[in-house]
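S.K.: File name run_31.txt; file contents compact mmCIF, C-alpha atoms; full text below.
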# COMPACT_ATOMS: atom_id res chain seq x y z
CA MET A 280 82.65 65.06 190.95
CA ILE A 281 83.14 68.07 188.71
CA GLY A 282 86.29 68.01 186.58
CA THR A 283 88.33 70.81 185.01
CA ALA A 284 86.71 70.21 181.61
CA THR A 285 83.22 70.59 183.09
CA VAL A 286 84.10 73.91 184.74
CA TYR A 287 85.29 75.33 181.42
CA GLY A 288 82.30 73.79 179.66
CA LEU A 289 79.97 75.77 181.95
CA CYS A 290 82.09 78.87 181.26
CA ALA A 291 81.64 78.27 177.51
CA SER A 292 77.85 77.95 177.91
CA GLY A 293 77.83 81.27 179.73
CA LEU A 294 79.95 82.94 177.04
CA VAL A 295 77.62 81.72 174.28
CA ALA A 296 74.57 83.08 176.14
CA ILE A 297 76.21 86.44 176.91
CA GLY A 298 77.42 86.83 173.32
CA LEU A 299 74.02 85.91 171.89
CA TYR A 300 72.28 88.38 174.23
CA GLY A 301 74.54 91.20 173.06
CA LEU A 302 74.20 90.17 169.42
CA VAL A 303 70.40 90.32 169.60
CA LEU A 304 69.96 93.41 171.77
CA HIS A 305 72.73 95.86 170.84
CA PRO A 306 71.44 98.40 168.31
CA THR A 307 74.85 99.30 166.84
CA PRO A 308 76.70 97.12 164.34
CA LEU A 309 80.15 97.38 166.00
CA ARG A 310 78.76 96.14 169.32
CA LYS A 311 77.06 93.31 167.46
CA VAL A 312 80.41 92.33 165.91
CA ILE A 313 82.04 92.28 169.38
CA ALA A 314 79.18 90.22 170.83
CA PHE A 315 79.38 87.82 167.88
CA ASN A 316 83.07 87.28 168.63
CA LEU A 317 82.20 86.47 172.27
CA LEU A 318 79.64 83.94 171.04
CA GLY A 319 82.30 82.43 168.77
CA SER A 320 84.84 82.22 171.62
CA GLY A 321 82.29 80.32 173.70
CA THR A 322 81.76 77.83 170.88
CA PHE A 323 85.53 77.35 170.54
CA VAL A 324 85.86 76.58 174.26
CA LEU A 325 83.13 73.92 173.89
CA PHE A 326 85.39 72.32 171.26
CA GLY A 327 88.25 72.58 173.73
CA VAL A 328 86.22 70.72 176.37
CA ALA A 329 85.47 67.96 173.85
CA ALA A 330 89.19 67.86 172.99
CA ARG A 331 90.25 67.60 176.61
CA ARG A 332 87.77 64.78 177.30
CA GLY A 333 88.85 62.99 174.12
CA GLY A 334 92.50 62.78 175.15
CA ALA A 335 93.66 59.34 174.02
CA ALA A 336 96.53 57.54 172.32
CA GLY A 337 99.04 59.27 174.58
CA PHE A 338 97.77 62.84 173.98
CA LEU A 339 96.51 65.05 176.78
CA ALA A 340 93.79 66.36 174.45
CA ASP A 341 92.35 65.24 171.11
CA PRO A 342 94.30 67.18 168.44
CA VAL A 343 91.50 67.21 165.83
CA PRO A 344 89.13 69.65 167.63
CA GLN A 345 92.19 71.75 168.55
CA ALA A 346 93.16 72.07 164.91
CA MET A 347 89.55 72.97 164.00
CA VAL A 348 89.52 75.69 166.67
CA ILE A 349 92.80 77.18 165.39
CA THR A 350 91.27 77.29 161.91
CA GLY A 351 88.09 78.76 163.37
CA ILE A 352 89.88 81.54 165.27
CA VAL A 353 91.65 82.66 162.10
CA VAL A 354 88.44 82.58 160.04
CA ALA A 355 86.61 84.52 162.79
CA PHE A 356 89.34 87.18 162.61
CA ALA A 357 89.03 87.39 158.80
CA SER A 358 85.25 87.81 158.96
CA THR A 359 85.58 90.43 161.71
CA ALA A 360 88.02 92.37 159.52
CA LEU A 361 85.59 92.22 156.60
CA ALA A 362 82.69 93.32 158.83
CA VAL A 363 84.67 96.29 160.17
CA ALA A 364 85.68 97.32 156.63
CA LEU A 365 82.00 97.15 155.57
CA LEU A 366 80.99 99.32 158.57
CA LEU A 367 83.59 101.95 157.73
CA ARG A 368 82.52 101.95 154.08
CA LEU A 369 78.89 102.28 155.13
CA GLN A 370 79.85 105.39 157.09
CA GLU A 371 81.77 106.86 154.12
CA THR A 372 78.83 106.43 151.76
CA GLY A 373 76.64 108.21 154.33
CA ALA A 374 73.79 105.71 154.45
CA SER A 375 72.81 105.06 158.07
CA SER A 376 71.34 101.70 157.14
CA ILE A 377 70.46 99.78 154.02
CA GLU A 378 66.72 100.57 154.17
CA THR A 379 66.92 104.31 154.78
CA THR A 380 69.04 105.27 151.76
CA PRO A 381 67.78 108.70 150.64
CA PRO A 382 66.07 108.63 147.21
CA GLU A 383 68.57 111.05 145.58
CA GLN A 384 71.47 108.74 146.48
CA GLN A 385 69.65 105.83 144.87
CA ASP A 386 69.33 107.91 141.68
CA ASN A 387 73.06 108.64 141.72
CA GLY A 388 73.79 104.97 142.09
CA ALA A 389 71.56 104.07 139.15
CA SER A 390 72.89 106.67 136.70
CA MET B 178 93.97 68.79 192.33
CA THR B 179 91.95 71.73 193.52
CA LEU B 180 89.51 73.44 191.16
CA LEU B 181 89.81 76.80 192.87
CA PRO B 182 92.11 78.49 190.28
CA ASP B 183 89.88 77.25 187.45
CA LEU B 184 86.74 78.56 189.14
CA ALA B 185 88.40 81.93 189.73
CA LEU B 186 89.49 82.11 186.07
CA VAL B 187 85.99 81.20 184.84
CA LEU B 188 84.48 83.83 187.09
CA LEU B 189 86.90 86.45 185.71
CA ILE B 190 86.12 85.45 182.10
CA LEU B 191 82.36 85.63 182.62
CA THR B 192 82.62 88.97 184.47
CA ALA B 193 84.70 90.44 181.65
CA ALA B 194 82.23 89.07 179.09
CA VAL B 195 79.25 90.62 180.89
CA TRP B 196 81.15 93.92 181.13
CA THR B 197 81.91 93.75 177.38
CA VAL B 198 78.22 93.43 176.52
CA ALA B 199 76.79 95.69 179.23
CA VAL B 200 79.17 98.67 179.25
CA ARG B 201 77.88 101.85 177.58
CA ASP B 202 81.04 103.09 175.86
CA ARG B 203 82.11 101.00 172.87
CA ARG B 204 85.83 101.55 173.49
CA ASP B 205 85.38 100.05 176.96
CA ALA B 206 83.58 97.16 175.28
CA VAL B 207 86.57 96.52 172.99
CA ILE B 208 88.95 96.61 175.95
CA GLY B 209 86.66 94.16 177.77
CA PHE B 210 86.79 91.90 174.72
CA ILE B 211 90.62 91.99 174.69
CA VAL B 212 90.62 91.04 178.37
CA VAL B 213 88.28 88.11 177.63
CA GLY B 214 90.64 86.99 174.83
CA LEU B 215 93.72 87.05 177.04
CA LEU B 216 91.94 85.26 179.92
CA LEU B 217 90.63 82.67 177.47
CA SER B 218 94.16 81.88 176.36
CA LEU B 219 94.88 80.94 180.00
CA ALA B 220 91.76 78.75 179.92
CA TRP B 221 93.13 77.02 176.80
CA VAL B 222 96.34 76.19 178.66
CA ARG B 223 94.23 74.61 181.41
CA LEU B 224 92.44 72.58 178.72
CA ASN B 225 95.87 71.21 177.64
CA ALA B 226 95.62 73.00 174.28
CA VAL B 227 98.77 75.15 174.22
CA ASP B 228 98.64 75.60 170.42
CA VAL B 229 95.15 77.07 170.69
CA ALA B 230 96.23 79.22 173.65
CA LEU B 231 98.98 80.80 171.53
CA THR B 232 96.53 81.43 168.66
CA GLU B 233 93.86 82.87 170.97
CA ALA B 234 96.35 85.23 172.63
CA ALA B 235 97.80 86.39 169.31
CA ILE B 236 94.62 86.66 167.22
CA GLY B 237 91.62 86.56 169.58
CA GLY B 238 93.09 89.11 171.97
CA GLY B 239 95.75 90.90 169.95
CA ALA B 240 94.88 91.24 166.27
CA THR B 241 91.08 91.40 166.70
CA GLY B 242 91.52 93.88 169.55
CA LEU B 243 93.70 96.17 167.43
CA LEU B 244 91.24 95.93 164.54
CA LEU B 245 88.27 96.83 166.77
CA LEU B 246 90.10 99.66 168.57
CA ARG B 247 90.96 101.14 165.19
CA ALA B 248 87.33 100.82 164.12
CA CYS B 249 86.29 102.67 167.32
CA ALA B 250 88.60 105.53 166.49
CA ARG B 251 87.33 105.84 162.90
CA LEU B 252 83.60 105.22 163.32
CA VAL B 253 81.60 108.31 164.21
CA PRO B 254 79.12 107.52 167.02
CA ARG B 255 75.55 107.72 165.78
CA PRO B 256 72.58 109.04 167.79
CA ALA B 257 70.91 105.64 167.38
CA GLU B 258 73.43 104.26 169.88
CA SER B 259 71.53 105.73 172.81
CA VAL B 260 68.25 104.11 171.76
CA LEU B 261 67.65 101.02 173.84
CA PRO B 262 65.05 98.37 173.12
CA HIS B 263 61.94 97.91 175.23
CA PRO B 264 62.47 96.27 178.68
CA ALA B 265 60.20 93.40 177.64
CA MET B 266 62.72 92.68 174.86
CA TRP B 267 65.58 92.48 177.39
CA ILE B 268 63.72 90.05 179.59
CA LEU B 269 62.56 87.84 176.73
CA THR B 270 66.02 87.75 175.12
CA GLY B 271 67.64 87.13 178.49
CA LEU B 272 65.28 84.22 179.16
CA LEU B 273 65.86 82.63 175.76
CA CYS B 274 69.64 83.03 176.09
CA SER B 275 69.48 81.44 179.55
CA VAL B 276 67.62 78.48 178.06
CA ILE B 277 70.41 78.05 175.48
CA ALA B 278 73.05 78.32 178.22
CA ALA B 279 71.20 75.73 180.31
CA GLY B 280 70.95 73.38 177.32
CA LEU B 281 74.67 73.67 176.58
CA ALA B 282 75.47 73.24 180.28
CA ALA B 283 73.38 70.07 180.38
CA ILE B 284 75.35 68.66 177.43
CA VAL B 285 78.59 69.56 179.21
CA VAL B 286 77.58 68.07 182.56
CA MET B 287 76.36 64.80 181.04
CA PRO B 288 79.30 63.74 178.86
CA VAL B 289 79.21 60.94 176.31
CA GLU B 290 80.79 57.71 177.56
CA PRO B 291 83.26 56.76 176.23
CA PRO B 292 84.32 60.26 175.06
CA ALA B 293 84.32 60.72 171.29
CA THR B 294 87.87 61.05 170.02
CA LEU B 295 89.81 61.05 166.78
CA ALA B 296 93.16 61.03 168.58
CA PRO B 297 94.07 57.43 167.57
CA GLU B 298 93.49 58.25 163.86
CA ALA B 299 95.64 61.36 164.17
CA ALA B 300 98.31 59.37 166.03
CA ALA B 301 98.40 56.79 163.23
CA ASN B 302 99.62 59.50 160.85
CA MET B 303 102.33 60.81 163.12
CA GLY B 304 104.77 57.92 162.89
CA GLU B 305 105.20 58.06 159.12
CA LEU B 306 105.44 61.87 158.91
CA GLY B 307 108.25 62.37 161.38
CA LEU B 308 106.53 65.26 163.22
CA GLY B 309 106.12 65.48 166.98
CA ASN B 310 103.29 68.00 167.36
CA PRO B 311 99.92 66.24 166.87
CA VAL B 312 98.08 69.51 166.14
CA THR B 313 100.48 70.34 163.27
CA VAL B 314 99.99 66.80 161.94
CA VAL B 315 96.21 67.31 161.90
CA LEU B 316 96.48 70.80 160.37
CA LEU B 317 98.89 69.89 157.57
CA ALA B 318 98.32 66.18 156.94
CA TYR B 319 95.26 64.51 158.47
CA ARG B 320 92.89 67.44 157.80
CA ALA B 321 95.05 69.43 155.37
CA LEU B 322 92.05 70.24 153.16
CA ASP B 323 90.48 72.31 155.98
CA THR B 324 93.69 74.27 156.37
CA LEU B 325 93.96 74.86 152.62
CA LEU B 326 90.37 76.12 152.39
CA GLU B 327 90.93 78.34 155.41
CA LYS B 328 93.88 79.99 153.63
CA VAL B 329 91.61 80.57 150.64
CA VAL B 330 89.06 82.16 153.02
CA LEU B 331 91.79 84.51 154.30
CA VAL B 332 92.68 85.55 150.73
CA LEU B 333 88.99 86.01 149.89
CA ALA B 334 88.47 88.15 153.01
CA LEU B 335 91.39 90.36 151.96
CA ILE B 336 89.96 90.65 148.43
CA GLY B 337 86.62 91.53 150.04
CA VAL B 338 88.22 94.27 152.14
CA TRP B 339 90.13 95.64 149.16
CA THR B 340 86.99 95.77 146.99
CA LEU B 341 85.56 98.29 149.48
CA THR B 342 88.18 100.79 148.28
CA PRO B 343 86.58 103.95 146.85
CA GLU B 344 87.05 104.23 143.07
CA GLN B 345 89.53 107.16 143.13
CA PHE B 346 91.87 105.43 145.64
CA TRP B 347 92.11 102.04 143.89
CA GLY B 348 95.67 100.72 144.03
CA GLY B 349 96.71 103.22 146.70
CA ALA B 350 97.82 102.69 150.28
CA PRO B 351 95.50 101.99 153.25
CA ALA B 352 94.93 104.70 155.85
CA SER B 353 97.94 105.27 158.09
CA LEU B 354 97.98 103.33 161.35
CA ARG B 355 100.02 105.87 163.30
CA ALA B 356 98.79 107.19 166.61
CA GLN B 357 97.39 110.73 166.65
CA GLN B 358 100.03 111.87 169.10
CA SER B 359 103.45 110.50 168.28
CA SER B 360 104.91 108.75 171.29
CA GLY B 361 108.62 108.36 171.92
CA ALA B 362 108.08 105.18 173.90
CA LEU B 363 106.13 103.55 171.06
CA ARG B 364 108.81 104.59 168.57
CA LEU B 365 111.57 103.10 170.70
CA LEU B 366 109.56 99.90 171.18
CA ALA B 367 109.00 99.63 167.42
CA GLN B 368 112.76 99.94 166.89
CA VAL B 369 113.85 97.51 169.61
CA LEU B 370 111.16 94.82 169.59
CA PRO B 371 110.89 93.71 165.91
CA PRO B 372 114.31 91.97 165.70
CA VAL B 373 113.37 89.89 168.76
CA GLY B 374 109.79 89.41 167.57
CA VAL B 375 110.82 88.24 164.12
CA VAL B 376 113.12 85.63 165.67
CA ILE B 377 110.29 84.46 167.95
CA GLY B 378 107.90 84.29 164.98
CA VAL B 379 110.31 82.22 162.89
CA TYR B 380 111.05 80.04 165.93
CA LEU B 381 107.33 79.35 166.45
CA VAL B 382 106.95 78.30 162.79
CA TRP B 383 110.07 76.11 162.81
CA ASN B 384 109.35 74.65 166.22
CA GLY B 385 105.69 74.01 165.40
CA ALA B 386 106.63 70.71 163.76
CA ASP B 387 107.47 69.09 167.09
CA HIS B 388 106.28 71.42 169.86
CA PRO B 389 103.42 73.87 170.42
CA GLY B 390 103.54 76.62 167.83
CA GLY B 391 103.05 76.66 164.10
CA THR B 392 102.21 78.71 161.04
CA PHE B 393 99.32 80.72 162.49
CA GLN B 394 101.01 81.61 165.73
CA GLY B 395 104.33 82.44 164.06
CA GLY B 396 102.64 84.32 161.22
CA THR B 397 100.62 86.39 163.69
CA VAL B 398 103.73 87.34 165.66
CA LEU B 399 105.38 88.46 162.38
CA ALA B 400 102.25 90.45 161.49
CA ALA B 401 102.24 92.04 164.95
CA MET B 402 105.83 93.24 164.49
CA TRP B 403 104.95 94.75 161.11
CA LEU B 404 101.86 96.46 162.58
CA LEU B 405 103.96 97.83 165.44
CA VAL B 406 106.37 99.40 162.97
CA MET B 407 103.44 100.92 161.03
CA MET B 408 101.78 102.21 164.22
CA ALA B 409 104.97 103.93 165.34
CA ASP B 410 105.05 105.69 161.95
CA LEU B 411 108.42 104.19 160.98
CA ARG B 412 106.85 102.71 157.82
CA GLU B 413 103.64 103.46 155.95
CA PRO B 414 101.31 100.62 154.85
CA PRO B 415 102.26 99.50 151.31
CA GLU B 416 100.14 100.36 148.26
CA ILE B 417 97.77 97.51 147.46
CA ARG B 418 98.68 97.57 143.73
CA LEU B 419 102.27 96.38 144.44
CA HIS B 420 102.97 93.07 142.70
CA THR B 421 105.34 91.93 145.47
CA LEU B 422 102.58 92.40 148.05
CA ARG B 423 100.03 90.48 145.96
CA LEU B 424 102.53 87.69 145.30
CA LEU B 425 103.24 87.35 149.03
CA VAL B 426 99.48 87.16 149.72
CA ILE B 427 98.96 84.17 147.40
CA LEU B 428 102.37 82.53 147.97
CA GLY B 429 101.21 80.31 150.84
CA PRO B 430 98.01 78.96 149.23
CA VAL B 431 99.82 78.45 145.89
CA VAL B 432 102.70 76.48 147.48
CA PHE B 433 100.15 74.45 149.45
CA LEU B 434 98.14 73.71 146.28
CA VAL B 435 101.27 72.74 144.31
CA ALA B 436 102.34 70.40 147.14
CA GLY B 437 98.77 69.06 147.23
CA PHE B 438 98.56 68.31 143.50
CA ALA B 439 102.09 66.89 143.50
CA GLY B 440 100.66 64.26 145.84
CA PHE B 441 98.94 62.67 142.81
CA TRP B 442 102.35 61.78 141.34
CA ILE B 443 104.64 61.29 144.32
CA ALA B 444 102.16 59.84 146.87
CA ASN B 445 98.64 58.45 147.18
CA GLY B 446 96.59 61.42 146.02
CA PHE B 447 95.64 65.04 146.68
CA LEU B 448 97.38 66.50 149.76
CA SER B 449 99.22 63.33 150.68
CA TYR B 450 102.95 63.25 151.17
CA PRO B 451 105.51 60.51 150.45
CA PRO B 452 106.82 59.33 153.85
CA ALA B 453 110.48 59.94 152.96
CA PHE B 454 109.97 63.64 152.12
CA ALA B 455 106.97 64.41 154.31
CA LYS B 456 108.79 66.57 156.83
CA PRO B 457 110.72 68.76 154.32
CA ILE B 458 107.55 69.31 152.25
CA ILE B 459 105.52 70.24 155.35
CA VAL B 460 108.21 72.63 156.58
CA ILE B 461 108.38 74.39 153.17
CA VAL B 462 104.56 74.67 153.04
CA GLU B 463 104.52 76.00 156.62
CA ALA B 464 107.17 78.64 155.87
CA ALA B 465 105.27 79.91 152.81
CA LEU B 466 101.97 79.89 154.73
CA ALA B 467 103.44 81.80 157.67
CA LEU B 468 104.74 84.54 155.36
CA SER B 469 101.37 84.84 153.60
CA ILE B 470 99.47 84.84 156.91
CA ALA B 471 101.68 87.64 158.25
CA VAL B 472 101.07 89.79 155.15
CA ILE B 473 97.32 89.02 154.99
CA LEU B 474 96.72 89.71 158.70
CA GLY B 475 98.65 92.99 158.49
CA MET B 476 96.73 94.14 155.43
CA LEU B 477 93.37 93.05 156.93
CA VAL B 478 94.02 95.29 159.94
CA ALA B 479 95.20 98.13 157.67
CA GLY B 480 91.94 97.97 155.69
CA PRO B 481 91.02 99.15 152.19
CA ALA B 482 93.05 101.78 150.33
CA ALA B 483 92.34 105.31 151.52
CA ARG B 484 94.85 107.33 149.51
CA ALA B 485 95.35 107.78 145.77
CA PRO B 486 98.29 105.83 144.33
CA ARG B 487 101.44 107.87 143.94
Represent the structure from my file as structure tokens, please.

M.R.:
Amino acid sequence: MIGTATVYGLCASGLVAIGLYGLVLHPTPLRKVIAFNLLGSGTFVLFGVAARRGGAAGFLADPVPQAMVITGIVVAFASTALAVALLLRLQETGASSIETTPPEQQDNGAS
Amino acid sequence: MTLLPDLALVLLILTAAVWTVAVRDRRDAVIGFIVVGLLLSLAWVRLNAVDVALTEAAIGGGATGLLLLRACARLVPRPAESVLPHPAMWILTGLLCSVIAAGLAAIVVMPVEPPATLAPEAAANMGELGLGNPVTVVLLAYRALDTLLEKVVLVLALIGVWTLTPEQFWGGAPASLRAQQSSGALRLLAQVLPPVGVVIGVYLVWNGADHPGGTFQGGTVLAAMWLLVMMADLREPPEIRLHTLRLLVILGPVVFLVAGFAGFWIANGFLSYPPAFAKPIIVIVEAALALSIAVILGMLVAGPAARAPR
């Protein structure tokens, strides 16, 4: 017999795989950030499944994994904001990637 | 109870996730991601985690979506975006990802018996604190150290974003959030909605002690109202050199730390509360945290300074 928690657990496994696929294969950084967030969401739902199965002491779901997920969602948002700011700064400085910085720009940076 | 609605929801979530990764245009990908976030918040309700559902809807769908949409508008597409890896790469990556999915699915299908749970430990704390929402008890008492460190992470992320300010703009205001074409409907919404939204935000913080809700959810709603006002061009983002702004950013963590260290004298140690005053202390800490979260989230979306200080 498959329960509600199991259905969402399978959903979470799928989300992790889809997110990881995008993270590995997408050539552009912004798409990688989006895929990474999908991967994170999948991980959070796995916590939710553990919470739902761990309901005890009169609670419908274990509050400890729930609290960890709330913390995790906020931290994921903060790191996404930092990643987006880094991408925009990378564009302003004109370097397309870290390796291919033109030599003259490196000289400017050193002087 | 029938599983049909759950299966339909899972199917929708996975379809939206595949669309998010597979679609060519990055703006479509962001919209797909927002859809996934909103559908996931429904999934959280089905998992009996209403607190997480509120957070996921507000941050996972809302704030992250706004941040990414703004990034789409400001990032110039590069020619490299059309370059796709070799088909062998797709197949190999797809196979390895499927293996990971199968492994996770196996763990899910074969659960541990009896299920691991910390609920009784969390419940033991509830009686003496006088709070009714177990998730708030875990966040602010049982695992308060996690919450404190997470606030520090938020402040550090904001410092990280601000350090990306170009030299000549240091101390100035972030780039304006207003839409390129001013919209009368957006302006009206930004004038009508904030009074209601602020009340809902404060209600979520106050109510979080006993019912679903809390500092994150309330703080995010407050941040959303502020962002709405900035997007409708009724207010500009503040300059990052303002002392009031910086004080508001650190207010929450500082109050939390003071309450934590006070625990050495008035209770059993760091971050513990005396039973008689536990609820007032937690409510004060929550109020300060919610204010700081609202300011930090708003400024994280606004980004580094992009104009010289006036």

S.K.: Go through A:Leu309, A:Ala355, A:Ala291, A:Val286 one by one, measure the shortest atom-to-atom distance of each to Phe326 in chain A using only C-alpha atoms, and give the residue with the smallest value.

M.R.: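 Closest residue, counting only C-alpha atoms: A:Ala291.
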
S.K.: For chain B, which residues have at least one atom within 7 Å of chain A, if we go by only C-alpha atoms? Write them as a ChimeraX atom specification, please.

M.R.: /B:180,184,187,191,194-195,198,203,224-226,229,232,237,241,244,248,252,258,270-271,274-275,277-278,281-282,285-286,292-297,300,311-312,315-316,324,327,331,334,337-338,341,477-478,480

S.K.: Quick one: residues within 8 Å of Thr392 in chain B, all atoms listed in the file counted, chain neighbours fewer than 4 positions away excluded, as a list in words?

M.R.: Leu381, Val382, Gly385, Gly396, Glu463, Ala464, Leu466, Ala467 and Ile470 of chain B

S.K.: Kindly give the distance, in Å, that separates CA of Leu272 in chain B and CA of Val212 in chain B, rounded to a single decimal.

M.R.: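 Between CA of Leu272 in chain B and CA of Val212 in chain B the gap works out to 26.3 Å.
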
S.K.: What is the CA of Asp228 in chain B to CA of Gly390 in chain B distance in Å?

M.R.: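 Spanning CA of Asp228 in chain B to CA of Gly390 in chain B is a straight-line distance of 5.6 Å.
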
S.K.: Go ahead and compute the interatomic distance for CA of Gly214 in chain B and CA of Gly280 in chain B, in Å to one decimal.

M.R.: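 These atoms are spaced 24.1 Å apart.
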
S.K.: Would you mind telling me which residue in B:Ala279, B:Ala235, B:Trp339, B:Tyr319 lies nearest to Tyr450 in chain B when using all atoms listed in the file?

M.R.: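 Of all the options, B:Tyr319 lies closest to Tyr450 in chain B.
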